[in-house]
$ cat data01.pdb   # PDB, C-alpha atoms
ATOM      1  CA  VAL A  20     -77.740  -2.034  59.691  1.00  0.00           C
ATOM      2  CA  PHE A  21     -81.090  -0.782  60.977  1.00  0.00           C
ATOM      3  CA  LYS A  22     -79.421   1.558  63.478  1.00  0.00           C
ATOM      4  CA  ARG A  23     -77.009   2.856  60.849  1.00  0.00           C
ATOM      5  CA  LEU A  24     -79.884   3.686  58.492  1.00  0.00           C
ATOM      6  CA  TYR A  25     -81.641   5.440  61.371  1.00  0.00           C
ATOM      7  CA  ASP A  26     -78.518   7.404  62.332  1.00  0.00           C
ATOM      8  CA  GLU A  27     -78.097   8.496  58.701  1.00  0.00           C
ATOM      9  CA  GLY A  28     -81.690   9.716  58.554  1.00  0.00           C
ATOM     10  CA  LEU A  29     -82.708   7.199  55.907  1.00  0.00           C
ATOM     11  CA  ILE A  30     -85.380   5.607  58.077  1.00  0.00           C
ATOM     12  CA  TYR A  31     -87.609   7.485  60.472  1.00  0.00           C
ATOM     13  CA  LYS A  32     -90.756   6.988  62.503  1.00  0.00           C
ATOM     14  CA  GLY A  33     -93.777   9.229  62.613  1.00  0.00           C
ATOM     15  CA  ASN A  34     -97.533   9.589  62.597  1.00  0.00           C
ATOM     16  CA  TYR A  35     -98.408   9.903  58.920  1.00  0.00           C
ATOM     17  CA  ILE A  36    -101.359   9.147  56.676  1.00  0.00           C
ATOM     18  CA  VAL A  37    -101.197   5.611  55.288  1.00  0.00           C
ATOM     19  CA  ASN A  38    -103.345   3.286  53.174  1.00  0.00           C
ATOM     20  CA  TRP A  39    -104.733   0.907  55.799  1.00  0.00           C
ATOM     21  CA  CYS A  40    -106.456  -2.417  55.113  1.00  0.00           C
ATOM     22  CA  PRO A  41    -108.790  -3.143  58.053  1.00  0.00           C
ATOM     23  CA  ARG A  42    -109.012  -6.829  57.131  1.00  0.00           C
ATOM     24  CA  CYS A  43    -105.303  -7.532  56.680  1.00  0.00           C
ATOM     25  CA  GLY A  44    -104.376  -5.171  59.494  1.00  0.00           C
ATOM     26  CA  THR A  45    -101.488  -3.622  57.599  1.00  0.00           C
ATOM     27  CA  ALA A  46    -100.411  -0.474  55.808  1.00  0.00           C
ATOM     28  CA  LEU A  47    -100.183  -0.664  52.014  1.00  0.00           C
ATOM     29  CA  ALA A  48     -97.876   1.140  49.627  1.00  0.00           C
ATOM     30  CA  ASN A  49     -99.618   3.294  47.020  1.00  0.00           C
ATOM     31  CA  ASP A  50     -98.901   0.739  44.291  1.00  0.00           C
ATOM     32  CA  GLU A  51    -100.521  -1.981  46.429  1.00  0.00           C
ATOM     33  CA  VAL A  52    -103.845  -0.151  46.305  1.00  0.00           C
ATOM     34  CA  GLU A  53    -106.110  -0.947  43.368  1.00  0.00           C
ATOM     35  CA  HIS A  54    -108.927   1.380  42.341  1.00  0.00           C
ATOM     36  CA  GLU A  55    -112.423   0.224  41.459  1.00  0.00           C
ATOM     37  CA  PRO A  56    -115.496   2.173  40.304  1.00  0.00           C
ATOM     38  CA  ASN A  57    -118.062   2.786  43.019  1.00  0.00           C
ATOM     39  CA  HIS A  58    -121.664   3.924  42.740  1.00  0.00           C
ATOM     40  CA  GLY A  59    -121.698   6.210  45.758  1.00  0.00           C
ATOM     41  CA  HIS A  60    -123.322   9.447  46.828  1.00  0.00           C
ATOM     42  CA  PHE A  61    -122.653  13.060  47.658  1.00  0.00           C
ATOM     43  CA  TRP A  62    -124.271  14.053  50.936  1.00  0.00           C
ATOM     44  CA  TYR A  63    -124.849  17.809  51.228  1.00  0.00           C
ATOM     45  CA  VAL A  64    -124.545  18.888  54.853  1.00  0.00           C
ATOM     46  CA  ARG A  65    -125.060  22.233  56.611  1.00  0.00           C
ATOM     47  CA  TYR A  66    -122.307  23.495  58.917  1.00  0.00           C
ATOM     48  CA  PRO A  67    -123.757  26.454  60.900  1.00  0.00           C
ATOM     49  CA  VAL A  68    -121.657  29.608  61.169  1.00  0.00           C
ATOM     50  CA  VAL A  69    -120.789  30.379  64.787  1.00  0.00           C
ATOM     51  CA  GLY A  70    -122.882  33.259  66.100  1.00  0.00           C
ATOM     52  CA  SER A  71    -125.710  32.865  63.617  1.00  0.00           C
ATOM     53  CA  ALA A  72    -129.261  32.984  64.879  1.00  0.00           C
ATOM     54  CA  LYS A  73    -131.638  30.071  64.908  1.00  0.00           C
ATOM     55  CA  GLY A  74    -133.547  29.705  61.672  1.00  0.00           C
ATOM     56  CA  VAL A  75    -137.225  29.150  61.032  1.00  0.00           C
ATOM     57  CA  ALA A  76    -139.432  26.635  59.231  1.00  0.00           C
ATOM     58  CA  GLY A  77    -137.217  23.643  59.942  1.00  0.00           C
ATOM     59  CA  GLU A  78    -133.905  25.406  59.284  1.00  0.00           C
ATOM     60  CA  PRO A  79    -131.615  24.751  62.294  1.00  0.00           C
ATOM     61  CA  TYR A  80    -129.568  27.917  61.692  1.00  0.00           C
ATOM     62  CA  ALA A  81    -130.052  31.024  59.577  1.00  0.00           C
ATOM     63  CA  ASP A  82    -126.441  31.185  58.383  1.00  0.00           C
ATOM     64  CA  TYR A  83    -124.462  28.127  57.349  1.00  0.00           C
ATOM     65  CA  VAL A  84    -122.022  26.753  54.798  1.00  0.00           C
ATOM     66  CA  MET A  85    -122.922  23.669  52.812  1.00  0.00           C
ATOM     67  CA  VAL A  86    -120.396  20.893  52.366  1.00  0.00           C
ATOM     68  CA  ALA A  87    -120.698  17.976  49.940  1.00  0.00           C
ATOM     69  CA  THR A  88    -118.998  14.772  51.111  1.00  0.00           C
ATOM     70  CA  THR A  89    -118.752  11.170  49.955  1.00  0.00           C
ATOM     71  CA  ARG A  90    -117.603   9.988  53.417  1.00  0.00           C
ATOM     72  CA  PRO A  91    -119.919  11.307  56.137  1.00  0.00           C
ATOM     73  CA  GLU A  92    -118.643   8.685  58.603  1.00  0.00           C
ATOM     74  CA  THR A  93    -115.429  10.712  58.937  1.00  0.00           C
ATOM     75  CA  LEU A  94    -117.326  13.880  59.920  1.00  0.00           C
ATOM     76  CA  PRO A  95    -116.519  13.532  63.660  1.00  0.00           C
ATOM     77  CA  GLY A  96    -112.840  13.828  62.667  1.00  0.00           C
ATOM     78  CA  ASP A  97    -113.252  17.157  60.862  1.00  0.00           C
ATOM     79  CA  THR A  98    -110.968  19.886  62.181  1.00  0.00           C
ATOM     80  CA  ALA A  99    -111.725  22.612  59.595  1.00  0.00           C
ATOM     81  CA  VAL A 100    -113.600  23.456  56.422  1.00  0.00           C
ATOM     82  CA  ALA A 101    -111.656  24.985  53.546  1.00  0.00           C
ATOM     83  CA  VAL A 102    -112.340  27.345  50.648  1.00  0.00           C
ATOM     84  CA  ASN A 103    -110.262  28.459  47.683  1.00  0.00           C
ATOM     85  CA  PRO A 104    -108.540  31.822  48.315  1.00  0.00           C
ATOM     86  CA  LYS A 105    -109.843  33.099  44.949  1.00  0.00           C
ATOM     87  CA  ASP A 106    -113.462  32.154  45.648  1.00  0.00           C
ATOM     88  CA  GLU A 107    -115.228  35.432  46.397  1.00  0.00           C
ATOM     89  CA  ARG A 108    -118.374  33.623  47.541  1.00  0.00           C
ATOM     90  CA  TYR A 109    -116.689  32.528  50.750  1.00  0.00           C
ATOM     91  CA  ALA A 110    -114.039  35.221  51.300  1.00  0.00           C
ATOM     92  CA  HIS A 111    -116.075  36.752  54.161  1.00  0.00           C
ATOM     93  CA  LEU A 112    -116.029  33.427  56.023  1.00  0.00           C
ATOM     94  CA  VAL A 113    -112.260  32.901  56.172  1.00  0.00           C
ATOM     95  CA  GLY A 114    -111.101  33.260  59.762  1.00  0.00           C
ATOM     96  CA  LYS A 115    -114.547  32.545  61.170  1.00  0.00           C
ATOM     97  CA  ASN A 116    -115.653  29.313  62.827  1.00  0.00           C
ATOM     98  CA  VAL A 117    -118.448  26.906  61.990  1.00  0.00           C
ATOM     99  CA  ILE A 118    -120.153  24.329  64.174  1.00  0.00           C
ATOM    100  CA  LEU A 119    -119.456  20.693  63.364  1.00  0.00           C
ATOM    101  CA  PRO A 120    -122.904  19.039  63.077  1.00  0.00           C
ATOM    102  CA  LEU A 121    -123.975  16.582  65.779  1.00  0.00           C
ATOM    103  CA  THR A 122    -120.941  17.439  67.930  1.00  0.00           C
ATOM    104  CA  GLY A 123    -121.227  21.122  68.798  1.00  0.00           C
ATOM    105  CA  ARG A 124    -117.477  21.491  68.264  1.00  0.00           C
ATOM    106  CA  GLU A 125    -116.264  24.697  66.620  1.00  0.00           C
ATOM    107  CA  ILE A 126    -113.833  24.390  63.709  1.00  0.00           C
ATOM    108  CA  PRO A 127    -112.214  27.145  61.594  1.00  0.00           C
ATOM    109  CA  VAL A 128    -112.778  28.148  57.989  1.00  0.00           C
ATOM    110  CA  VAL A 129    -109.364  28.154  56.269  1.00  0.00           C
ATOM    111  CA  SER A 130    -108.236  29.276  52.828  1.00  0.00           C
ATOM    112  CA  ASP A 131    -106.227  26.810  50.730  1.00  0.00           C
ATOM    113  CA  ASN A 132    -105.425  26.342  47.039  1.00  0.00           C
ATOM    114  CA  TYR A 133    -106.220  22.631  47.339  1.00  0.00           C
ATOM    115  CA  VAL A 134    -109.940  23.438  47.109  1.00  0.00           C
ATOM    116  CA  GLU A 135    -111.479  23.401  43.627  1.00  0.00           C
ATOM    117  CA  LYS A 136    -114.057  26.177  43.300  1.00  0.00           C
ATOM    118  CA  GLU A 137    -116.154  24.273  40.762  1.00  0.00           C
ATOM    119  CA  PHE A 138    -116.214  20.927  42.593  1.00  0.00           C
ATOM    120  CA  GLY A 139    -119.177  20.201  44.821  1.00  0.00           C
ATOM    121  CA  THR A 140    -120.136  23.361  46.685  1.00  0.00           C
ATOM    122  CA  GLY A 141    -116.640  24.844  46.555  1.00  0.00           C
ATOM    123  CA  ILE A 142    -116.180  24.335  50.278  1.00  0.00           C
ATOM    124  CA  VAL A 143    -114.816  21.076  51.685  1.00  0.00           C
ATOM    125  CA  LYS A 144    -114.555  19.388  55.054  1.00  0.00           C
ATOM    126  CA  ILE A 145    -110.977  18.826  56.206  1.00  0.00           C
ATOM    127  CA  THR A 146    -110.323  15.553  58.026  1.00  0.00           C
ATOM    128  CA  PRO A 147    -106.523  15.318  58.297  1.00  0.00           C
ATOM    129  CA  ALA A 148    -106.485  11.858  59.881  1.00  0.00           C
ATOM    130  CA  HIS A 149    -108.577  10.234  57.133  1.00  0.00           C
ATOM    131  CA  ASP A 150    -107.577  11.732  53.786  1.00  0.00           C
ATOM    132  CA  PRO A 151    -104.106  12.215  52.271  1.00  0.00           C
ATOM    133  CA  ASN A 152    -104.929  15.622  50.771  1.00  0.00           C
ATOM    134  CA  ASP A 153    -106.584  16.781  53.982  1.00  0.00           C
ATOM    135  CA  PHE A 154    -103.505  15.589  55.871  1.00  0.00           C
ATOM    136  CA  LEU A 155    -101.358  18.012  53.857  1.00  0.00           C
ATOM    137  CA  VAL A 156    -103.887  20.837  54.320  1.00  0.00           C
ATOM    138  CA  GLY A 157    -103.810  20.127  58.044  1.00  0.00           C
ATOM    139  CA  LYS A 158    -100.022  20.436  58.135  1.00  0.00           C
ATOM    140  CA  ARG A 159    -100.164  23.767  56.308  1.00  0.00           C
ATOM    141  CA  HIS A 160    -102.715  25.183  58.761  1.00  0.00           C
ATOM    142  CA  ASN A 161    -101.594  23.439  61.975  1.00  0.00           C
ATOM    143  CA  LEU A 162    -104.848  21.523  62.330  1.00  0.00           C
ATOM    144  CA  ALA A 163    -105.435  18.711  64.798  1.00  0.00           C
ATOM    145  CA  GLU A 164    -105.522  15.131  63.499  1.00  0.00           C
ATOM    146  CA  ILE A 165    -108.469  13.207  64.944  1.00  0.00           C
ATOM    147  CA  ASN A 166    -108.505   9.522  63.999  1.00  0.00           C
ATOM    148  CA  VAL A 167    -112.054   8.291  64.610  1.00  0.00           C
ATOM    149  CA  MET A 168    -111.507   4.640  63.614  1.00  0.00           C
ATOM    150  CA  ASN A 169    -109.934   1.538  65.062  1.00  0.00           C
ATOM    151  CA  ASP A 170    -107.546  -0.583  63.011  1.00  0.00           C
ATOM    152  CA  ASP A 171    -110.344  -3.058  62.211  1.00  0.00           C
ATOM    153  CA  GLY A 172    -112.527  -0.430  60.548  1.00  0.00           C
ATOM    154  CA  THR A 173    -114.863   0.119  63.485  1.00  0.00           C
ATOM    155  CA  MET A 174    -115.434   3.511  65.066  1.00  0.00           C
ATOM    156  CA  ASN A 175    -113.605   4.492  68.234  1.00  0.00           C
ATOM    157  CA  GLU A 176    -114.580   6.781  71.123  1.00  0.00           C
ATOM    158  CA  LEU A 177    -113.508   9.912  69.225  1.00  0.00           C
ATOM    159  CA  ALA A 178    -116.358   9.284  66.786  1.00  0.00           C
ATOM    160  CA  GLY A 179    -118.873   9.884  69.567  1.00  0.00           C
ATOM    161  CA  ALA A 180    -120.449   7.593  72.132  1.00  0.00           C
ATOM    162  CA  LYS A 181    -123.374   6.617  69.883  1.00  0.00           C
ATOM    163  CA  TYR A 182    -121.107   5.273  67.137  1.00  0.00           C
ATOM    164  CA  VAL A 183    -118.404   3.484  69.153  1.00  0.00           C
ATOM    165  CA  GLY A 184    -117.878  -0.071  67.882  1.00  0.00           C
ATOM    166  CA  MET A 185    -119.926   0.397  64.711  1.00  0.00           C
ATOM    167  CA  ASP A 186    -118.501  -0.774  61.398  1.00  0.00           C
ATOM    168  CA  ARG A 187    -117.491   2.312  59.388  1.00  0.00           C
ATOM    169  CA  PHE A 188    -120.182   1.742  56.758  1.00  0.00           C
ATOM    170  CA  LYS A 189    -122.902   1.071  59.362  1.00  0.00           C
ATOM    171  CA  CYS A 190    -121.776   4.290  61.032  1.00  0.00           C
ATOM    172  CA  ARG A 191    -122.206   6.061  57.704  1.00  0.00           C
ATOM    173  CA  GLU A 192    -125.849   4.998  57.601  1.00  0.00           C
ATOM    174  CA  ALA A 193    -126.474   5.934  61.238  1.00  0.00           C
ATOM    175  CA  LEU A 194    -124.736   9.285  60.959  1.00  0.00           C
ATOM    176  CA  VAL A 195    -126.578  10.251  57.785  1.00  0.00           C
ATOM    177  CA  ALA A 196    -129.873   9.379  59.500  1.00  0.00           C
ATOM    178  CA  ASP A 197    -128.923  11.559  62.479  1.00  0.00           C
ATOM    179  CA  LEU A 198    -127.918  14.451  60.219  1.00  0.00           C
ATOM    180  CA  GLU A 199    -131.288  14.233  58.512  1.00  0.00           C
ATOM    181  CA  ALA A 200    -133.187  14.018  61.795  1.00  0.00           C
ATOM    182  CA  GLU A 201    -131.403  17.099  63.153  1.00  0.00           C
ATOM    183  CA  GLY A 202    -131.998  19.152  59.992  1.00  0.00           C
ATOM    184  CA  TYR A 203    -128.383  19.254  58.815  1.00  0.00           C
ATOM    185  CA  LEU A 204    -128.749  17.046  55.726  1.00  0.00           C
ATOM    186  CA  VAL A 205    -129.863  19.051  52.697  1.00  0.00           C
ATOM    187  CA  LYS A 206    -129.896  16.392  49.979  1.00  0.00           C
ATOM    188  CA  THR A 207    -128.316  13.167  48.742  1.00  0.00           C
ATOM    189  CA  VAL A 208    -127.095  12.964  45.143  1.00  0.00           C
ATOM    190  CA  PRO A 209    -125.721   9.885  43.291  1.00  0.00           C
ATOM    191  CA  HIS A 210    -122.011  10.202  42.558  1.00  0.00           C
ATOM    192  CA  ASP A 211    -119.796   7.697  40.757  1.00  0.00           C
ATOM    193  CA  HIS A 212    -116.159   7.699  41.830  1.00  0.00           C
ATOM    194  CA  ASN A 213    -113.235   5.329  42.301  1.00  0.00           C
ATOM    195  CA  VAL A 214    -112.372   3.801  45.667  1.00  0.00           C
ATOM    196  CA  GLY A 215    -109.116   2.189  46.730  1.00  0.00           C
ATOM    197  CA  VAL A 216    -109.142  -1.497  47.647  1.00  0.00           C
ATOM    198  CA  CYS A 217    -106.521  -3.845  49.017  1.00  0.00           C
ATOM    199  CA  TYR A 218    -104.764  -5.799  46.265  1.00  0.00           C
ATOM    200  CA  ARG A 219    -104.770  -8.916  48.478  1.00  0.00           C
ATOM    201  CA  CYS A 220    -108.351  -9.161  49.716  1.00  0.00           C
ATOM    202  CA  GLY A 221    -110.373  -6.466  47.945  1.00  0.00           C
ATOM    203  CA  THR A 222    -111.366  -4.691  51.178  1.00  0.00           C
ATOM    204  CA  THR A 223    -111.955  -0.944  50.848  1.00  0.00           C
ATOM    205  CA  VAL A 224    -108.793   0.786  52.015  1.00  0.00           C
ATOM    206  CA  GLU A 225    -109.086   3.339  54.813  1.00  0.00           C
ATOM    207  CA  PRO A 226    -106.696   6.297  54.719  1.00  0.00           C
ATOM    208  CA  LEU A 227    -105.761   6.997  58.329  1.00  0.00           C
ATOM    209  CA  THR A 228    -102.919   8.300  60.426  1.00  0.00           C
ATOM    210  CA  SER A 229    -100.711   5.641  61.948  1.00  0.00           C
ATOM    211  CA  ASP A 230     -97.382   5.494  63.757  1.00  0.00           C
ATOM    212  CA  GLN A 231     -95.198   3.779  61.172  1.00  0.00           C
ATOM    213  CA  TRP A 232     -91.606   3.393  60.072  1.00  0.00           C
ATOM    214  CA  PHE A 233     -90.777   5.054  56.743  1.00  0.00           C
ATOM    215  CA  VAL A 234     -87.826   4.952  54.355  1.00  0.00           C
ATOM    216  CA  LYS A 235     -86.577   8.234  52.876  1.00  0.00           C
ATOM    217  CA  MET A 236     -86.486   7.330  49.185  1.00  0.00           C
ATOM    218  CA  LYS A 237     -84.984  10.400  47.474  1.00  0.00           C
ATOM    219  CA  PRO A 238     -81.322   9.843  48.484  1.00  0.00           C
ATOM    220  CA  LEU A 239     -81.652   6.121  47.705  1.00  0.00           C
ATOM    221  CA  ALA A 240     -83.329   6.634  44.328  1.00  0.00           C
ATOM    222  CA  GLU A 241     -80.929   9.268  42.991  1.00  0.00           C
ATOM    223  CA  PRO A 242     -77.967   6.853  42.416  1.00  0.00           C
TER
END
$ encode --input "data01.pdb" --output "structure tokens"
Amino acid sequence: VFKRLYDEGLIYKGNYIVNWCPRCGTALANDEVEHEPNHGHFWYVRYPVVGSAKGVAGEPYADYVMVATTRPETLPGDTAVAVNPKDERYAHLVGKNVILPLTGREIPVVSDNYVEKEFGTGIVKITPAHDPNDFLVGKRHNLAEINVMNDDGTMNELAGAKYVGMDRFKCREALVADLEAEGYLVKTVPHDHNVGVCYRCGTTVEPLTSDQWFVKMKPLAEP
């Protein structure tokens, strides 16, 4: 039966974004994820524009874009920053590159309708391996998918040597401290939002890319 379903294209395998519970060690369906209010923060971070000169008076670079994020621990997995195509503030940046803080890696500025001009700074970090919306943006712009976490919620080698083995939330603290020390952190602002948790154990769910089997539901649901 399994082979027949595969031959008919009803089941397939691929590297897709899933809801992952680090404690249970399993992927969860969307309806298995519960959402709870969380008193979190927005961290405002500078991403220097490639080619800009060094700044003065504590500014690491003279020209930069500012990104607001609730999940700085995923920063090493960024493969782009995105702006809304109708946002004139950032139109001159599209097609340019910025420097990913703490890594020195260059990533592109892309234009995508997913970005809300009025939300945050109007420019967002794109981490395709750790956010379902970013995953779709990444597919549209052919971006790399860099998964910086192990299945147990600790950081892997792609997160950077300093953070390998750290719990994701301990890494958040360490990375924010490093951003501040290097002059990339502009400010921290309280921000209430909902977070997904596992319906079994209450652990915060981690969206990440994983090689999984999937069932194509449309042809099964139509009858």
$ residues_around --input "data01.pdb" --residues "A:Ala110" --least-positions-apart "4" --cutoff "12 Å" --atoms "only C-alpha atoms" --output "list in words"
Ala101, Val102, Asn103, Pro104, Lys105, Asp106, Gly114, Lys115, Val128, Val129, Ser130, Asp131, Gly141 and Ile142 of chain A
$ closest_residue --input "data01.pdb" --among "A:Val234, A:Ile165, A:Cys43, A:Leu119" --to "A:Asp150" --atoms "all atoms listed in the file"
A:Ile165
$ atom_distance --input "data01.pdb" --atom1 "atom CA of A:Val37" --atom2 "atom CA of A:Gly123"
28.7 Å
$ closest_residue --input "data01.pdb" --among "A:Cys190, A:Leu239, A:Thr122, A:Glu164" --to "A:Leu24" --atoms "all atoms listed in the file"
A:Leu239
$ atom_distance --input "data01.pdb" --atom1 "atom CA of A:Asp171" --atom2 "atom CA of A:Asp97"
20.5 Å
$ closest_residue --input "data01.pdb" --among "A:Arg90, A:Arg191, A:His58, A:Lys237" --to "A:Pro209" --atoms "only C-alpha atoms"
A:His58
$ closest_residue --input "data01.pdb" --among "A:Val195, A:Ile30, A:Val86, A:Leu112" --to "A:Val68" --atoms "only C-alpha atoms"
A:Leu112
$ resolve_selection --input "data01.pdb" --expression "the PyMOL selection byres ((chain A and resi 66) around 7)" --output "PyMOL selection string"
chain A and resi 64-65+67-68+83-85+117-120
$ atom_distance --input "data01.pdb" --atom1 "atom CA of A:Thr173" --atom2 "atom CA of A:Met185"
5.2 Å
$ residues_near_point --input "data01.pdb" --point "(-100.4, 2.3, 64.8)" --cutoff "9 Å" --atoms "all atoms listed in the file" --output "list in words"
Asn34, Asp170, Thr228, Ser229, Asp230 and Gln231 of chain A
$ closest_residue --input "data01.pdb" --among "A:Ala99, A:Cys40, A:Val183, A:Ala196" --to "A:Val52" --atoms "all atoms listed in the file"
A:Cys40
$ resolve_selection --input "data01.pdb" --expression "the PyMOL selection byres ((chain A and resi 188) around 12)" --output "list of chain:residue names"
A:Gly59, A:Thr89, A:Arg90, A:Pro91, A:Glu92, A:Thr93, A:Met168, A:Gly172, A:Thr173, A:Met174, A:Tyr182, A:Gly184, A:Met185, A:Asp186, A:Arg187, A:Lys189, A:Cys190, A:Arg191, A:Glu192, A:Ala193, A:Leu194, A:Val195, A:Thr223, A:Glu225
$ axis_aligned_box --input "data01.pdb" --around "stretch 227-238 of chain A" --padding-each-side "6 Å" --output "AutoDock Vina command-line options"
--center_x -93.5 --center_y 6.9 --center_z 55.6 --size_x 36.4 --size_y 19.0 --size_z 28.3
$ resolve_selection --input "data01.pdb" --expression "the PyMOL selection byres ((chain A and resi 211) around 12)" --output "ChimeraX atom specification"
/A:55-61,89,208-210,212-214
$ closest_residue --input "data01.pdb" --among "A:Phe138, A:Phe21, A:Tyr109, A:Phe233" --to "A:Ala46" --atoms "only C-alpha atoms"
A:Phe233
